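Notes follow once the structure below has been shown.
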Amino acid sequence: MLVVDSIAGGYGQTQVLFDVSLSVAPGEVVALLGRNGMGKTTTVRSIMGQLPLRSGSIRVDGQSIAGEKPFRIAQRGIGLVPEGRQVFPTLTVAENLIATARPGALDIAAVYELFPRLAERRRNLGRQLSGGEQQMLAIGRALCTNPRLLILDEATEGLAPLIRAEIWACITRLKLRGLAILLIDKTLSALMDLADRHVILDKGVSVWTGSSAALAEAPERERYLHL
């Protein structure tokens, strides 16, 4: 579904990515790992068309998306839960979901089923929610676009343990529904149970790819992840 092939890019004159490759097949969960500042969020922004490529290619269903506007990439079936949540602060929970809704099985009712807390807070403004509730809303908002691939950047960062558990349970349910997921998070124990494959970035280069079983035995794990 998604193939990122040897991309390079960054911000202005500052190059962050030098040689990043990864792929996500339909129904697959792939974890993008690496220490802070290694290029994970920059990779996501490059995939979503928020940053230009200097070299390499990004393809969705075999077609290049290089140079496409972010909304066009979203229309190809890629939903993004960005780092920092970025919910609309002056819209209610319901309005945040309505704003991005597209026809499909993942409608607002389905989001409320996944996150009953959002149904309870549906009349509250985005700025009135806790951090965990905002993260649930950011995930729900992306799901309302009915994506075939969901990208989550820092899925549970800064959240309380109970909220993290709710988020991981939701992601597990989405995997069981067959949704392809590209996931960034620091909770390696959860990712080892959930992800089909892992890609490790180091200084803007994809240096390791493999299954959870392979990662558990990989000597590179401690070197690149500082465990």
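In the structure tokens, chains take letters A, B, ... by order of appearance, with residues numbered from 1 within each chain and ligands from 1 in the order shown.
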Please tabulate, as a tab-separated table, the residues of range 123-196 of chain A that come within 12 Å of range 45-59 of chain A, each with its closest pair of atoms and the distance in Å to one decimal, counting only C-alpha atoms and ordering rows by chain, then residue number upward.
residue	atom	partner	partner_atom	distance
A:Leu149	CA	A:Met48	CA	11.7
A:Leu150	CA	A:Met48	CA	11.4
A:Ile151	CA	A:Met48	CA	9.5
A:Leu152	CA	A:Arg45	CA	11.5
A:Asp153	CA	A:Arg45	CA	9.9
A:Leu182	CA	A:Ile47	CA	11.0
Restricted to C-alpha atoms, what would the selected residues look like written as a compact mmCIF listing (two decimals), in the first residue's frame?
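Written output follows (part.txt):
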# COMPACT_ATOMS: atom_id res chain seq x y z
CA LEU A 149 -3.72 3.47 6.32
CA LEU A 150 -3.60 5.24 9.69
CA ILE A 151 -0.40 7.03 10.74
CA LEU A 152 -0.01 7.77 14.45
CA ASP A 153 2.88 10.02 15.49
CA LEU A 182 2.21 3.09 10.73
Inset, instruction - DSSP on the backbone, then: every residue of range 34-217 of chain A marked strand (DSSP E), written as a ChimeraX atom specification. - result: /A:53-60,63-64,78-81,149-153,180-184,197-202,205-210
Using only C-alpha atoms, I'd like a table of the residues in range 87-198 of chain A that come within 8 Å of range 208-218 of chain A; for each, show the closest atom pair and its distance in Å rounded to one decimal, ordered by chain and ascending number, as a tab-separated table.
residue	atom	partner	partner_atom	distance
A:Met192	CA	A:Ser212	CA	5.3
A:Asp193	CA	A:Ser212	CA	7.5
A:Ala195	CA	A:Ser212	CA	7.0
A:Asp196	CA	A:Ser211	CA	5.9
A:Arg197	CA	A:Ser211	CA	4.4
A:His198	CA	A:Gly210	CA	5.5
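Near Phe18 in chain A, within a cut-off of 10 Å and counting only C-alpha atoms, sit the residues Ser6, Ile7, Ala8, Gly9, Gly10, Gly39, Arg54, Ser55, Gly56, Asp202, Lys203, Gly204, Val205 and Ser206 of chain A, with same-chain residues fewer than 4 positions away left out.
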Determine, for each residue of range 168-202 of chain A having at least one atom at most 12 Å from an atom of range 137-142 of chain A, the closest pair of atoms and their separation in Å to one decimal, counting only C-alpha atoms; order by chain and ascending number, as JSON lines.
{"residue": "A:Trp168", "atom": "CA", "partner": "A:Ile139", "partner_atom": "CA", "distance": 11.6}
{"residue": "A:Cys170", "atom": "CA", "partner": "A:Ile139", "partner_atom": "CA", "distance": 9.5}
{"residue": "A:Ile171", "atom": "CA", "partner": "A:Ile139", "partner_atom": "CA", "distance": 9.5}
{"residue": "A:Leu174", "atom": "CA", "partner": "A:Ile139", "partner_atom": "CA", "distance": 11.0}
{"residue": "A:Ile181", "atom": "CA", "partner": "A:Ile139", "partner_atom": "CA", "distance": 11.9}
Could those selected residues go to a file with C-alpha atoms, as a compact mmCIF listing (two decimals), in the first residue's frame?
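Written out: selection_24.txt:
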# COMPACT_ATOMS: atom_id res chain seq x y z
CA TRP A 168 -3.50 0.58 22.88
CA CYS A 170 -8.25 0.86 20.42
CA ILE A 171 -5.26 0.34 18.14
CA LEU A 174 -8.30 -1.36 14.56
CA ILE A 181 -1.15 1.28 10.64
Inset, instruction - For Ala119 in chain A, work out the shell of residues within 12 Å, counting only C-alpha atoms and skipping chain neighbours fewer than 4 positions away, then give it as a list in words. - result: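 Everything that qualifies: Thr92, Val93, Ala94, Leu97, Ile108, Ala109, Ala110, Val111, Tyr112, Glu113, Leu114, Phe115, Arg123, Asn124, Glu133, Met136, Leu137 and Gly140 of chain A.
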Using C-alpha atoms, can you export the residues from the last selection as a PDB file, in the first residue's frame?
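Below is the file that was written, selection04.pdb:
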ATOM      1  CA  THR A  92     -16.905  20.674  20.095  1.00  0.00           C
ATOM      2  CA  VAL A  93     -15.938  17.017  20.061  1.00  0.00           C
ATOM      3  CA  ALA A  94     -18.828  16.283  17.695  1.00  0.00           C
ATOM      4  CA  LEU A  97     -15.439  14.654  14.044  1.00  0.00           C
ATOM      5  CA  ILE A 108     -18.987   9.077  14.256  1.00  0.00           C
ATOM      6  CA  ALA A 109     -21.023   6.347  15.970  1.00  0.00           C
ATOM      7  CA  ALA A 110     -18.136   3.912  15.438  1.00  0.00           C
ATOM      8  CA  VAL A 111     -15.711   6.423  16.976  1.00  0.00           C
ATOM      9  CA  TYR A 112     -17.977   6.813  20.004  1.00  0.00           C
ATOM     10  CA  GLU A 113     -18.045   3.016  20.332  1.00  0.00           C
ATOM     11  CA  LEU A 114     -14.246   2.905  20.295  1.00  0.00           C
ATOM     12  CA  PHE A 115     -13.991   5.818  22.737  1.00  0.00           C
ATOM     13  CA  ARG A 123     -20.633  18.845  23.515  1.00  0.00           C
ATOM     14  CA  ASN A 124     -17.353  19.986  25.083  1.00  0.00           C
ATOM     15  CA  GLU A 133      -9.229  12.926  25.601  1.00  0.00           C
ATOM     16  CA  MET A 136      -8.706  10.073  21.528  1.00  0.00           C
ATOM     17  CA  LEU A 137     -10.342  12.866  19.549  1.00  0.00           C
ATOM     18  CA  GLY A 140     -11.299   9.597  16.055  1.00  0.00           C
TER      19      GLY A 140
END
Inset, instruction - Would you mind listing what lies within 12 Å of Thr145 in chain A as a list of chain:residue names, with only C-alpha atoms counted and same-chain residues fewer than 6 positions away left out? - result: A:Phe71, A:Ile73, A:Ala74, A:Gln75, A:Arg76, A:Gly77, A:Ile78, A:Gly79, A:Leu80, A:Val81, A:Asn96, A:Leu97, A:Ile98, A:Ala99, A:Thr100, A:Ala101, A:Arg102, A:Pro103, A:Gly104, A:Ala105, A:Leu106, A:Asp107, A:Ile108, A:Val111, A:Ala138, A:Ile139
